[in-house]
Amino acid sequence: MMRRVKTKLTSKWATAAAIIIAVVWSVPTFGLFVTSFRPAAKQIGPRSNGWWNAFVDWDFTFKNYTDVLTPAGSQSANLSQYFVNSIAIVIPVTIFVLVLASMAAYVFAWGKFKGRDALFIFVFALQIIPLQMALIPLLQFFTQTLHLPAGSYAQLWIAHTMFGLPLGIFLLHNFISEIPGEVIEAARVDGAGHSTIFWRIILPLSVPALASLAIFQFLWVWNDLLVALVFSGGTADVAPITQRLAEISGTRGARDYLNPAAAFVSIIIPLLVFFGLQRYFVRGLLSGGLKG
Amino acid sequence: MDFIGGKLLQVVIALAIFAAIIGIIMLVVDRAPKSVKDKVTVAGFLAPAAILMLVGLVYPAVRTSMLAFTDASGNGNGFDNFVWMFTQPEALTTLRNTVIWTVLVPLLSTSFGLAYAVFIDKARGEKVLKSLVFMPMAISFVGAGIIWKLVYDYRGPGLEQTGVINFLRDALGLDPKQFLLDAPENTIFLIVVMVWIQTGFAMVILSAAIKGVPVELIEAARLDGANAWQQFRNVTVPGIRGALVVVLTTITIATLKVFDIVRTMTAGNYDTSVVANEMYTQAFRAGEPGRGAALALILFLMVLPIVVYNARVLRKQREIH
């Protein structure tokens with residue numbers, strides 16, 4: 001019966017359309033990948049031609065990658081520094097959001113207090129506040145009230161954590177509220193306090209949801225440009241790789257042939273995370289979308 | 001690689017401080033006297049997130065709303081910023097572009113995503129086919145900007161084209177085109193990039209929803225003599241209505257806030273600016289925080305109805321529980 005349904009739905013035209021979409025969607029990334037291995041002279045200047053010619057010329061090099069990664073003067077892309085910055089920004093933020101959001105989600109799911117539901121909907125609604133709206137006052141608050149040093153990670157860690165919490169609480173709440181009440185009740189009868197229940201029962205049972213939120217948070221922070229532009233100060237000490245990438249690709253010049261390699265260095269980690277943990281990523285999307 | 005040490009140290013210190021704060025909260029919660037234990041727990045577990053959200057989102061939103069009614073030097077100027085927004089030609093272009101974005105991106109992404117999800121449903125190699133279209137979701141807007149600049153690459157007529165599309169135009173005997181420079185259609189070519197990213201999201205959600213439509217219903221329609229299109233129209237679409245709404249609203253919100261694509265591909269030049277980009281330009285480049293705030297406020301008002309709708313759906317669901 002499944003077979004019959006299938007042959008009825010997928011006609012020849014549908015297959016053709018699907019293949020066209022798949023090709024159109026992959027060619028741009030593939031083109032960048034091929035270009036990143038082509039020598040400078042093939043990318044810019046009089047002898048340049050399209051990346052598809054690479055399969056005829058068969059002229060590939062790793063030089064673009066060594067050039068963007070190793071520091072060589074102020075003009076160099078120096079991406080390895082920024083790459084480390086991205087990691088140094090994204091790992092603490094992911095941990096902060098996971099812990100704080102799951103604590104809040106636990107209380108919203110299992111705590112009993114007045115106005116709980118109204119407060120939860122308010123938190124959900126906070127997602128509407130566009131980042132753009134928060135940037136100016138938050139920057140003033142960081143520098144003038146808290147005196148956080150400009151050019152340290154602290155501003156980025158705190159800002160990203162703040163912006164990640166509403167969605168994090170929402171996603172985790174959906175999952176944590178589905179944990180059977182008997183499990184928690186049994187632990188309470190055995191004399192376990194809230195903190196024990198939280199760390200020993202809630203968190204271990206929520207691993208699938210935590211994993212999908214971690215991936216989201218990781219991709220979101222790694223790929224961010226706006227928050228970095230406002231809070232990082234733009235130096236090699238703090239700024240993430242996306243910011244450097246936007247800088248070097250924004251200025252047209254003789255070093256344009258390095259852009260594809262630089263772009264690929266910046267997207268390789270998200271792609272690995274994505275392909276390695278796709279299952280959790282999809283699950284997170286579904287619980288955030290369909291159940292909400 | 002000696003720079004790694006210092007950076008690593010900062011990360012370790014931050015994590016240690018964080019662990020200490022959480023540890024203290026847990027200690028206080030556990031040691032609280034029985035009579036107030038539940039209250040202390042609620043407060044302790046909620047406080048860190050609540051404080052961060054108040055400082056990082058609620059307070060800035062209120063401040064920005066007030067800032068929207070001030071001029072460059074911080075004096076109140078009534079509705080001047082909004083008058084500017086709705087009268088100056090360049091500001092009007094920005095608003096017009098944002099409307100075009102928010103209409104086209106959700107519509108196109110959802111249509112492509114739905115079509116693709118239906119076409120590859122239960123097909124051989126479904127997983128791989130899905131990954132190909134889904135992959136752009138993992139790529140940053142900045143990275144996507146560079147990828148598409150390469151696709152749109154332009155060389156003068158007569159020269160060998162390095163961009164895929166101009167190469168194809170060349171092969172068809174057409175003149176090469178400066179996709180990102182020629183207004184007003186350059187906005188459409190930026191929108192293509194966003195559609196490229198969002199289609200994967202729509203596809204994954206809708207594909208899961210399609211698999212939730214009972215096979216018996218489709219089979220029954222088929223036995224009644226419905227053709228593929230009628231089955232799709234009368235059985236599948238009503239069955240995935242909820243997912244469609246979620247996909248459309250999520251993409252609409254993401255599109256309203258779109259910033260990076262415009263910033264990295266044209267920086268808002270050549271009549272391509274959108275509200276989120278213009279807000280950044282006004283507030284952080286042109287020294288007009290009031291105008292920037294006014295644009296952010298407009299953005300907020302445009303997103304508001306969508307979230308109110310979603311919050312109401314959420315509320316209904318919680319009442320059923």
# chains A, B, ... in the order shown; residues from 1 in each chain; ligands from 1
$ closest_atom_pairs --of "region 1-97 of chain A" --to "region 196-204 of chain B" --cutoff "10 Å" --atoms "only C-alpha atoms" --output "Markdown table"
| residue | atom | partner | partner_atom | distance |
| --- | --- | --- | --- | --- |
| A:Val24 | CA | B:Trp196 | CA | 9.2 |
| A:Trp25 | CA | B:Trp196 | CA | 6.7 |
| A:Ser26 | CA | B:Trp196 | CA | 9.7 |
| A:Pro28 | CA | B:Trp196 | CA | 9.9 |
$ interface_residues --of "chain A" --to "chain B" --cutoff "7 Å" --atoms "only C-alpha atoms" --output "PyMOL selection string"
chain A and resi 5-6+8-10+14-15+18+22+25-26+28-29+32+49-51+88+92+100-101+103-104+107+111+121+125+128-130+132-134+137-138+159+162+165+193+195+219+223+225+242+246+250+263+267+270-271+274+286+289-290+292
$ atom_distance --atom1 "CA of Leu79 (chain A)" --atom2 "CA of Phe30 (chain A)"
21.6 Å
$ select_by_dssp --residues "region 147-316 of chain B" --states "helix (DSSP H, G or I)" --output "PyMOL selection string"
chain B and resi 147-151+164-171+186-211+215-223+228-239+241-256+260-265+275-285+289-316
$ atom_distance --atom1 "CA of Asp80 (chain B)" --atom2 "CA of Thr281 (chain B)"
18.1 Å
$ residues_around --residues "region 34-46 of chain A" --least-positions-apart "5" --cutoff "6 Å" --atoms "only C-alpha atoms" --output "list in words"
Trp51, Phe60, Thr61, Tyr257, Pro260 and Ala261 of chain A
$ residues_around --residues "Val235 (chain B)" --least-positions-apart "6" --cutoff "9 Å" --atoms "only C-alpha atoms" --output "list in words"
Val213, Leu217, Ile218 and Ala221 of chain B
$ residues_around --residues "Ala211 (chain A)" --least-positions-apart "6" --cutoff "10 Å" --atoms "only C-alpha atoms" --output "number ranges by chain"
A: 98, 217, 277, 279-281, 283-284
